[in-house]
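Asker: Quick one: the structure is below, and I'll ask about it shortly.
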Amino acid sequence: MTARMHPGRVLANVATLPARLVEPVMTGVQKTIGIKRMPWIFLIPNLTAVLLFALLPVFINIFYSVTGSDRLYPTDRPFIGMANYETLLDCGNYLQPSTCSRDLFWRALGNSLVFVPTQVVLMIGISLLTAICLNREIRGRGFFRGVFFFPVMLSPVVVALTWQWILQRNGALNGLLEAVGLSGINWLIHADTAFAWAVAVTIWAHMGFYTIILLAGLQAIPRDVYEAAKMDSASHWRVFRRITLPLLLPVLLVVFVLCVIRSVQTFDELYVLTGGGPGSATMLMVQYIYEVGFAAQPRNFGLAAAASLLLGLVLLVFTALQLKLSRSARND
């Protein structure tokens, strides 16, 4: 009679089968190249992915930015040097987009210069306030944490369509206003209200992500520090200003940079919610790049590539600033 193998041992043999099959191959490779070079064997898959999906597109984008024509294939695109950049930067008065050869680029840039600081300041402020509230011992704290994070899991298109239904002329918000005797407003027709709601909707959609990061930072602060401050009868504002804020500063710097990058790259929600309108009141840089490179006829890939590289340069500056501030904070 053959002895029956224990089920746990069978599962262990099955689980280790791939490793046992690969072991002779890896042993041969190690003998060939030496043990010091073995880490590169494990890095090659990741390095290949980074090269193909991160670095190669950057180089292709640079190539397109210095070539012309509406042809897609690189061999069909003539070299024109810095002409695309000169076209984007050609302005009689940079404060008046109508004097620029590409006025929509400067309108999108102007909208971004207002949208990004406004959204970032409000996003961080509201997220920090929410994180402080959720860090307290309140009833149903776990439920409220889930509620604030829930919009982050929604598709940007779903978020935009939901708010479009709320804000349209016959939408839910105007229905509530009319129910209490107030007249409805065309929220997405007027430039000022459309821009304000663009900021509000994007904050609502993404603040949960930053709230979770700040909440983790708050929970990492030692409780002994707060107990010592309580024994000294320090006020809540003094505790926040002298303890919470300095100890949370590294996390705030990370949140700031992530928020700036996400804000500059805003596209999905606004494209579905307003389409960049009314007119160009809510058109941001990424939408301009999309319109020029893919939606307009003829498609101008070179101009879109040049605009995207200028946008990437701005993000690079913010990233370098974050690294410098992080080093300064650690040194202090």
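Chain labels run A, B, ... following the order of the structure tokens; each chain numbers its residues from 1, and ligands are numbered from 1 in the order shown.
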Which residues are near Leu310 in chain A? Cut-off 10 Å, only C-alpha atoms, ignore same chain within fewer than 5 positions. Put them as a list in words.

Answerer: Tyr85, Leu88, Met285, Ala304, Ala305, Leu315 and Leu316 of chain A

Asker: Please produce a file of the residues just selected, as an mmCIF file, in the first residue's frame, where the atoms kept are N, CA, C and O atoms.

Answerer:
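As written to disk, part_32.cif reads:
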data_model
loop_
_atom_site.group_PDB
_atom_site.id
_atom_site.type_symbol
_atom_site.label_atom_id
_atom_site.label_comp_id
_atom_site.auth_asym_id
_atom_site.auth_seq_id
_atom_site.Cartn_x
_atom_site.Cartn_y
_atom_site.Cartn_z
ATOM 1 N N TYR A 85 7.610 75.981 -30.301
ATOM 2 C CA TYR A 85 7.755 76.756 -29.063
ATOM 3 C C TYR A 85 7.631 78.260 -29.348
ATOM 4 O O TYR A 85 7.018 78.998 -28.562
ATOM 5 N N LEU A 88 3.953 79.123 -29.729
ATOM 6 C CA LEU A 88 3.248 79.196 -28.446
ATOM 7 C C LEU A 88 3.601 80.463 -27.675
ATOM 8 O O LEU A 88 2.737 81.051 -27.005
ATOM 9 N N MET A 285 -4.764 73.523 -19.156
ATOM 10 C CA MET A 285 -3.670 73.189 -20.051
ATOM 11 C C MET A 285 -3.814 71.811 -20.686
ATOM 12 O O MET A 285 -3.577 71.635 -21.884
ATOM 13 N N ALA A 304 1.033 70.353 -29.756
ATOM 14 C CA ALA A 304 0.566 69.706 -28.524
ATOM 15 C C ALA A 304 1.741 69.148 -27.729
ATOM 16 O O ALA A 304 1.772 69.258 -26.492
ATOM 17 N N ALA A 305 2.714 68.574 -28.419
ATOM 18 C CA ALA A 305 3.891 68.039 -27.731
ATOM 19 C C ALA A 305 4.689 69.155 -27.066
ATOM 20 O O ALA A 305 5.163 69.008 -25.930
ATOM 21 N N LEU A 315 5.916 71.106 -13.804
ATOM 22 C CA LEU A 315 5.806 70.057 -12.792
ATOM 23 C C LEU A 315 7.179 69.656 -12.258
ATOM 24 O O LEU A 315 7.329 69.349 -11.072
ATOM 25 N N LEU A 316 8.177 69.673 -13.126
ATOM 26 C CA LEU A 316 9.539 69.349 -12.703
ATOM 27 C C LEU A 316 10.052 70.381 -11.702
ATOM 28 O O LEU A 316 10.713 70.036 -10.713
#

Asker: Pick out the residues sitting within 9 Å of Gly293 in chain A, and hand them over as a ChimeraX atom specification; count only C-alpha atoms, and ignore anything fewer than 6 positions along from it in its own chain.

Answerer: /A:299-305

Asker: Pull N, CA and C atoms from the residues just selected and write them as a short mmCIF file (atom, residue, chain, number, x, y, z; two decimals), in the first residue's frame.

Answerer:
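Result file out.cif:
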data_model
loop_
_atom_site.label_atom_id
_atom_site.label_comp_id
_atom_site.auth_asym_id
_atom_site.auth_seq_id
_atom_site.Cartn_x
_atom_site.Cartn_y
_atom_site.Cartn_z
N ARG A 299 -4.90 67.94 -37.03
CA ARG A 299 -4.28 67.71 -35.73
C ARG A 299 -2.82 68.19 -35.74
N ASN A 300 -2.48 68.97 -34.74
CA ASN A 300 -1.13 69.52 -34.66
C ASN A 300 -0.38 68.83 -33.52
N PHE A 301 0.21 67.67 -33.83
CA PHE A 301 0.91 66.90 -32.81
C PHE A 301 2.12 67.65 -32.27
N GLY A 302 2.82 68.38 -33.13
CA GLY A 302 4.02 69.08 -32.70
C GLY A 302 3.71 70.17 -31.68
N LEU A 303 2.66 70.94 -31.94
CA LEU A 303 2.28 72.01 -31.03
C LEU A 303 1.80 71.44 -29.69
N ALA A 304 1.03 70.35 -29.76
CA ALA A 304 0.57 69.71 -28.52
C ALA A 304 1.74 69.15 -27.73
N ALA A 305 2.71 68.57 -28.42
CA ALA A 305 3.89 68.04 -27.73
C ALA A 305 4.69 69.15 -27.07
#

Asker: Using only C-alpha atoms, can you tell me which of A:Leu72, A:Ala108, A:Leu273, A:Val199 comes closest to Leu167 in chain A?

Answerer: A:Leu273

Asker: Trp197 in chain A: which residues within 9 Å, counting only C-alpha atoms, same-chain residues fewer than 3 positions away excluded, as a list in words?

Answerer: Leu167, Trp187, Leu188, Asp192, Thr193, Ala194, Ala200, Val201 and Thr202 of chain A

Asker: Nearest residue to Phe256 in chain A out of A:Val180, A:Ile80, A:Met123, A:Cys91, using only C-alpha atoms?

Answerer: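 When distances to Phe256 in chain A are compared using only C-alpha atoms, the smallest one comes from A:Met123.
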
Asker: Any idea what's packed within 12 Å of Gly276 in chain A, counting only C-alpha atoms, ignoring anything in its chain fewer than 5 positions away? Could you give it as a short mmCIF file (atom, residue, chain, number, x, y, z; two decimals) with all heavy atoms, in the first residue's frame?

Answerer:
data_model
loop_
_atom_site.label_atom_id
_atom_site.label_comp_id
_atom_site.auth_asym_id
_atom_site.auth_seq_id
_atom_site.Cartn_x
_atom_site.Cartn_y
_atom_site.Cartn_z
N LEU A 104 -5.68 80.63 -27.31
CA LEU A 104 -6.27 79.62 -26.43
C LEU A 104 -5.24 79.03 -25.48
O LEU A 104 -5.56 78.67 -24.35
CB LEU A 104 -6.92 78.50 -27.27
CG LEU A 104 -8.32 78.78 -27.81
CD1 LEU A 104 -8.83 77.58 -28.58
CD2 LEU A 104 -9.28 79.15 -26.69
N ARG A 107 -5.00 81.55 -22.75
CA ARG A 107 -6.22 81.54 -21.93
C ARG A 107 -6.23 80.30 -21.02
O ARG A 107 -6.60 80.39 -19.84
CB ARG A 107 -7.46 81.55 -22.82
CG ARG A 107 -7.63 82.84 -23.60
CD ARG A 107 -8.93 82.86 -24.39
NE ARG A 107 -8.96 83.98 -25.31
CZ ARG A 107 -9.28 85.23 -24.97
NH1 ARG A 107 -9.60 85.49 -23.71
NH2 ARG A 107 -9.27 86.19 -25.87
N ALA A 108 -5.84 79.16 -21.58
CA ALA A 108 -5.75 77.95 -20.76
C ALA A 108 -4.70 78.10 -19.67
O ALA A 108 -4.89 77.68 -18.52
CB ALA A 108 -5.43 76.75 -21.65
N ASN A 111 -6.15 80.43 -17.03
CA ASN A 111 -7.12 79.69 -16.20
C ASN A 111 -6.40 78.76 -15.22
O ASN A 111 -6.81 78.64 -14.06
CB ASN A 111 -8.06 78.88 -17.08
CG ASN A 111 -9.01 79.76 -17.89
OD1 ASN A 111 -9.25 80.91 -17.53
ND2 ASN A 111 -9.51 79.24 -18.98
N SER A 112 -5.34 78.12 -15.68
CA SER A 112 -4.59 77.21 -14.81
C SER A 112 -3.91 77.96 -13.68
O SER A 112 -3.84 77.47 -12.55
CB SER A 112 -3.55 76.44 -15.63
OG SER A 112 -4.16 75.64 -16.62
N LEU A 188 -23.77 76.43 -14.96
CA LEU A 188 -22.69 76.08 -15.89
C LEU A 188 -22.68 76.93 -17.15
O LEU A 188 -21.89 76.68 -18.06
CB LEU A 188 -22.80 74.59 -16.27
CG LEU A 188 -22.72 73.60 -15.10
CD1 LEU A 188 -22.86 72.17 -15.61
CD2 LEU A 188 -21.41 73.77 -14.32
N ILE A 189 -23.54 77.94 -17.20
CA ILE A 189 -23.61 78.81 -18.37
C ILE A 189 -22.77 80.06 -18.17
O ILE A 189 -22.12 80.57 -19.10
CB ILE A 189 -25.07 79.19 -18.69
CG1 ILE A 189 -25.87 77.93 -19.00
CG2 ILE A 189 -25.14 80.16 -19.86
CD1 ILE A 189 -25.37 77.14 -20.18
N ALA A 191 -19.62 82.24 -16.77
CA ALA A 191 -18.20 81.92 -16.62
C ALA A 191 -17.79 81.85 -15.15
O ALA A 191 -17.08 80.91 -14.74
CB ALA A 191 -17.35 82.96 -17.35
N ALA A 194 -19.40 78.80 -13.35
CA ALA A 194 -18.87 77.55 -13.91
C ALA A 194 -17.47 77.29 -13.38
O ALA A 194 -17.12 76.15 -13.02
CB ALA A 194 -18.87 77.62 -15.44
N PHE A 195 -16.65 78.33 -13.32
CA PHE A 195 -15.28 78.17 -12.82
C PHE A 195 -15.30 77.80 -11.33
O PHE A 195 -14.53 76.94 -10.89
CB PHE A 195 -14.49 79.44 -13.04
CG PHE A 195 -13.02 79.30 -12.81
CD1 PHE A 195 -12.19 78.90 -13.85
CD2 PHE A 195 -12.45 79.54 -11.57
CE1 PHE A 195 -10.82 78.75 -13.65
CE2 PHE A 195 -11.09 79.39 -11.36
CZ PHE A 195 -10.28 79.00 -12.40
N ALA A 198 -16.26 74.28 -11.00
CA ALA A 198 -15.17 73.42 -11.46
C ALA A 198 -14.19 73.16 -10.32
O ALA A 198 -13.73 72.03 -10.11
CB ALA A 198 -14.46 74.05 -12.65
N THR A 266 -5.48 68.28 -14.25
CA THR A 266 -6.94 68.13 -14.26
C THR A 266 -7.48 68.16 -15.69
O THR A 266 -7.18 69.07 -16.46
CB THR A 266 -7.60 69.24 -13.44
OG1 THR A 266 -7.16 69.17 -12.08
CG2 THR A 266 -9.12 69.11 -13.47
N PHE A 267 -8.27 67.18 -16.03
CA PHE A 267 -8.85 67.11 -17.37
C PHE A 267 -10.22 66.44 -17.37
O PHE A 267 -11.21 67.01 -17.85
CB PHE A 267 -7.91 66.37 -18.32
CG PHE A 267 -8.52 66.08 -19.66
CD1 PHE A 267 -8.75 67.09 -20.57
CD2 PHE A 267 -8.87 64.78 -20.01
CE1 PHE A 267 -9.32 66.83 -21.80
CE2 PHE A 267 -9.44 64.50 -21.24
CZ PHE A 267 -9.66 65.53 -22.14
N ASP A 268 -10.30 65.22 -16.83
CA ASP A 268 -11.48 64.38 -17.01
C ASP A 268 -12.76 65.04 -16.53
O ASP A 268 -13.74 65.17 -17.30
CB ASP A 268 -11.30 63.05 -16.25
CG ASP A 268 -9.95 62.41 -16.49
OD1 ASP A 268 -8.95 63.03 -16.08
OD2 ASP A 268 -9.90 61.31 -17.03
N GLU A 269 -12.75 65.48 -15.25
CA GLU A 269 -13.98 66.03 -14.68
C GLU A 269 -14.44 67.27 -15.42
O GLU A 269 -15.63 67.40 -15.75
CB GLU A 269 -13.78 66.36 -13.19
CG GLU A 269 -13.53 65.17 -12.30
CD GLU A 269 -12.07 64.90 -12.08
OE1 GLU A 269 -11.25 65.48 -12.81
OE2 GLU A 269 -11.75 64.12 -11.17
N LEU A 270 -13.52 68.18 -15.72
CA LEU A 270 -13.92 69.44 -16.36
C LEU A 270 -14.32 69.22 -17.82
O LEU A 270 -15.22 69.91 -18.31
CB LEU A 270 -12.77 70.45 -16.28
CG LEU A 270 -12.36 70.90 -14.88
CD1 LEU A 270 -11.45 72.11 -14.96
CD2 LEU A 270 -13.56 71.22 -14.03
N TYR A 271 -13.69 68.29 -18.49
CA TYR A 271 -14.04 68.06 -19.89
C TYR A 271 -15.47 67.53 -20.01
O TYR A 271 -16.21 67.92 -20.92
CB TYR A 271 -13.07 67.07 -20.52
CG TYR A 271 -13.27 66.89 -21.99
CD1 TYR A 271 -12.88 67.88 -22.89
CD2 TYR A 271 -13.85 65.74 -22.51
CE1 TYR A 271 -13.07 67.74 -24.25
CE2 TYR A 271 -14.04 65.57 -23.87
CZ TYR A 271 -13.65 66.58 -24.74
OH TYR A 271 -13.84 66.43 -26.09
N ALA A 281 -13.71 79.52 -20.56
CA ALA A 281 -13.62 79.96 -19.17
C ALA A 281 -13.05 78.88 -18.26
O ALA A 281 -12.42 79.20 -17.24
CB ALA A 281 -14.98 80.41 -18.66
N THR A 282 -13.27 77.61 -18.56
CA THR A 282 -12.78 76.53 -17.70
C THR A 282 -11.81 75.61 -18.44
O THR A 282 -11.57 74.49 -18.01
CB THR A 282 -13.95 75.69 -17.14
OG1 THR A 282 -14.71 75.17 -18.24
CG2 THR A 282 -14.85 76.53 -16.26
N MET A 283 -11.26 76.07 -19.55
CA MET A 283 -10.27 75.27 -20.27
C MET A 283 -8.92 75.38 -19.58
O MET A 283 -8.40 76.47 -19.37
CB MET A 283 -10.14 75.72 -21.72
CG MET A 283 -9.06 74.97 -22.50
SD MET A 283 -8.87 75.52 -24.21
CE MET A 283 -10.33 74.79 -24.92
N LEU A 284 -8.34 74.22 -19.22
CA LEU A 284 -7.03 74.18 -18.60
C LEU A 284 -6.00 73.62 -19.59
O LEU A 284 -6.34 73.25 -20.71
CB LEU A 284 -7.07 73.33 -17.33
CG LEU A 284 -8.08 73.78 -16.26
CD1 LEU A 284 -7.98 72.88 -15.03
CD2 LEU A 284 -7.88 75.23 -15.88
N MET A 285 -4.76 73.52 -19.16
CA MET A 285 -3.67 73.19 -20.05
C MET A 285 -3.81 71.81 -20.69
O MET A 285 -3.58 71.64 -21.88
CB MET A 285 -2.34 73.27 -19.30
CG MET A 285 -1.85 74.68 -19.07
SD MET A 285 -1.41 75.51 -20.60
CE MET A 285 -0.06 74.48 -21.17
N VAL A 286 -4.20 70.82 -19.91
CA VAL A 286 -4.29 69.47 -20.45
C VAL A 286 -5.39 69.39 -21.50
O VAL A 286 -5.23 68.72 -22.53
CB VAL A 286 -4.53 68.45 -19.32
CG1 VAL A 286 -4.73 67.04 -19.89
CG2 VAL A 286 -3.36 68.45 -18.35
N GLN A 287 -6.49 70.09 -21.28
CA GLN A 287 -7.54 70.08 -22.30
C GLN A 287 -7.07 70.78 -23.58
O GLN A 287 -7.39 70.33 -24.69
CB GLN A 287 -8.80 70.76 -21.78
CG GLN A 287 -9.95 70.70 -22.79
CD GLN A 287 -11.22 71.29 -22.29
OE1 GLN A 287 -11.40 71.49 -21.09
NE2 GLN A 287 -12.15 71.58 -23.19
N TYR A 288 -6.31 71.85 -23.43
CA TYR A 288 -5.77 72.51 -24.62
C TYR A 288 -4.87 71.55 -25.41
O TYR A 288 -4.96 71.48 -26.64
CB TYR A 288 -4.98 73.75 -24.23
CG TYR A 288 -4.24 74.38 -25.39
CD1 TYR A 288 -4.91 75.21 -26.29
CD2 TYR A 288 -2.89 74.12 -25.61
CE1 TYR A 288 -4.25 75.76 -27.37
CE2 TYR A 288 -2.22 74.67 -26.69
CZ TYR A 288 -2.90 75.49 -27.56
OH TYR A 288 -2.25 76.02 -28.65
N TYR A 290 -5.04 68.33 -25.46
CA TYR A 290 -5.91 67.33 -26.10
C TYR A 290 -6.61 67.91 -27.32
O TYR A 290 -6.66 67.27 -28.38
CB TYR A 290 -6.94 66.83 -25.09
CG TYR A 290 -8.07 66.06 -25.73
CD1 TYR A 290 -7.88 64.74 -26.14
CD2 TYR A 290 -9.32 66.65 -25.93
CE1 TYR A 290 -8.92 64.04 -26.74
CE2 TYR A 290 -10.34 65.95 -26.53
CZ TYR A 290 -10.14 64.64 -26.93
OH TYR A 290 -11.16 63.95 -27.53
N GLU A 291 -7.13 69.12 -27.20
CA GLU A 291 -7.85 69.73 -28.31
C GLU A 291 -6.94 69.93 -29.51
O GLU A 291 -7.32 69.63 -30.66
CB GLU A 291 -8.45 71.08 -27.87
CG GLU A 291 -9.51 70.99 -26.79
CD GLU A 291 -10.84 70.52 -27.30
OE1 GLU A 291 -10.98 70.41 -28.54
OE2 GLU A 291 -11.73 70.24 -26.47
#

Asker: I need the alpha helix (DSSP H) residues of range 173-275 of chain A per DSSP on the backbone, written as a VMD selection string.

Answerer: chain A and resid 173 to 179 191 to 219 223 to 231 236 to 239 245 to 264 268 to 273

Asker: Enter the distance from CA of Thr67 in chain A to CA of Gly81 in chain A, in Å, rounded to one decimal.

Answerer: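 These atoms are spaced 6.7 Å apart.
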
Asker: Mind giving me the straight-line distance from CA of Leu323 in chain A to CA of Thr118 in chain A in Å, one decimal?

Answerer: 22.6 Å

Asker: List as a list in words the protein and nucleic acid residues near Trp165 in chain A, meaning an atom at most 12 Å away when only C-alpha atoms are counted, but skip any in the same chain fewer than 6 places from it.

Answerer: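 That gives Val158, Val159, Gly171, Ala172, Leu173, Asn174, Gly175, Trp187, Leu188, Val272, Leu273 and Thr274 of chain A.
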
Asker: Which residues come within 12 Å of Asp103 in chain A, counting only C-alpha atoms, excluding same-chain residues fewer than 6 positions away, as a list of chain:residue names?

Answerer: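 The neighbour list is A:Thr87, A:Leu88, A:Leu89, A:Asp90, A:Cys91, A:Gly92, A:Asn93, A:Tyr94, A:Leu95, A:Gln96, A:Pro97, A:Leu109, A:Gly110, A:Ser280, A:Tyr288.
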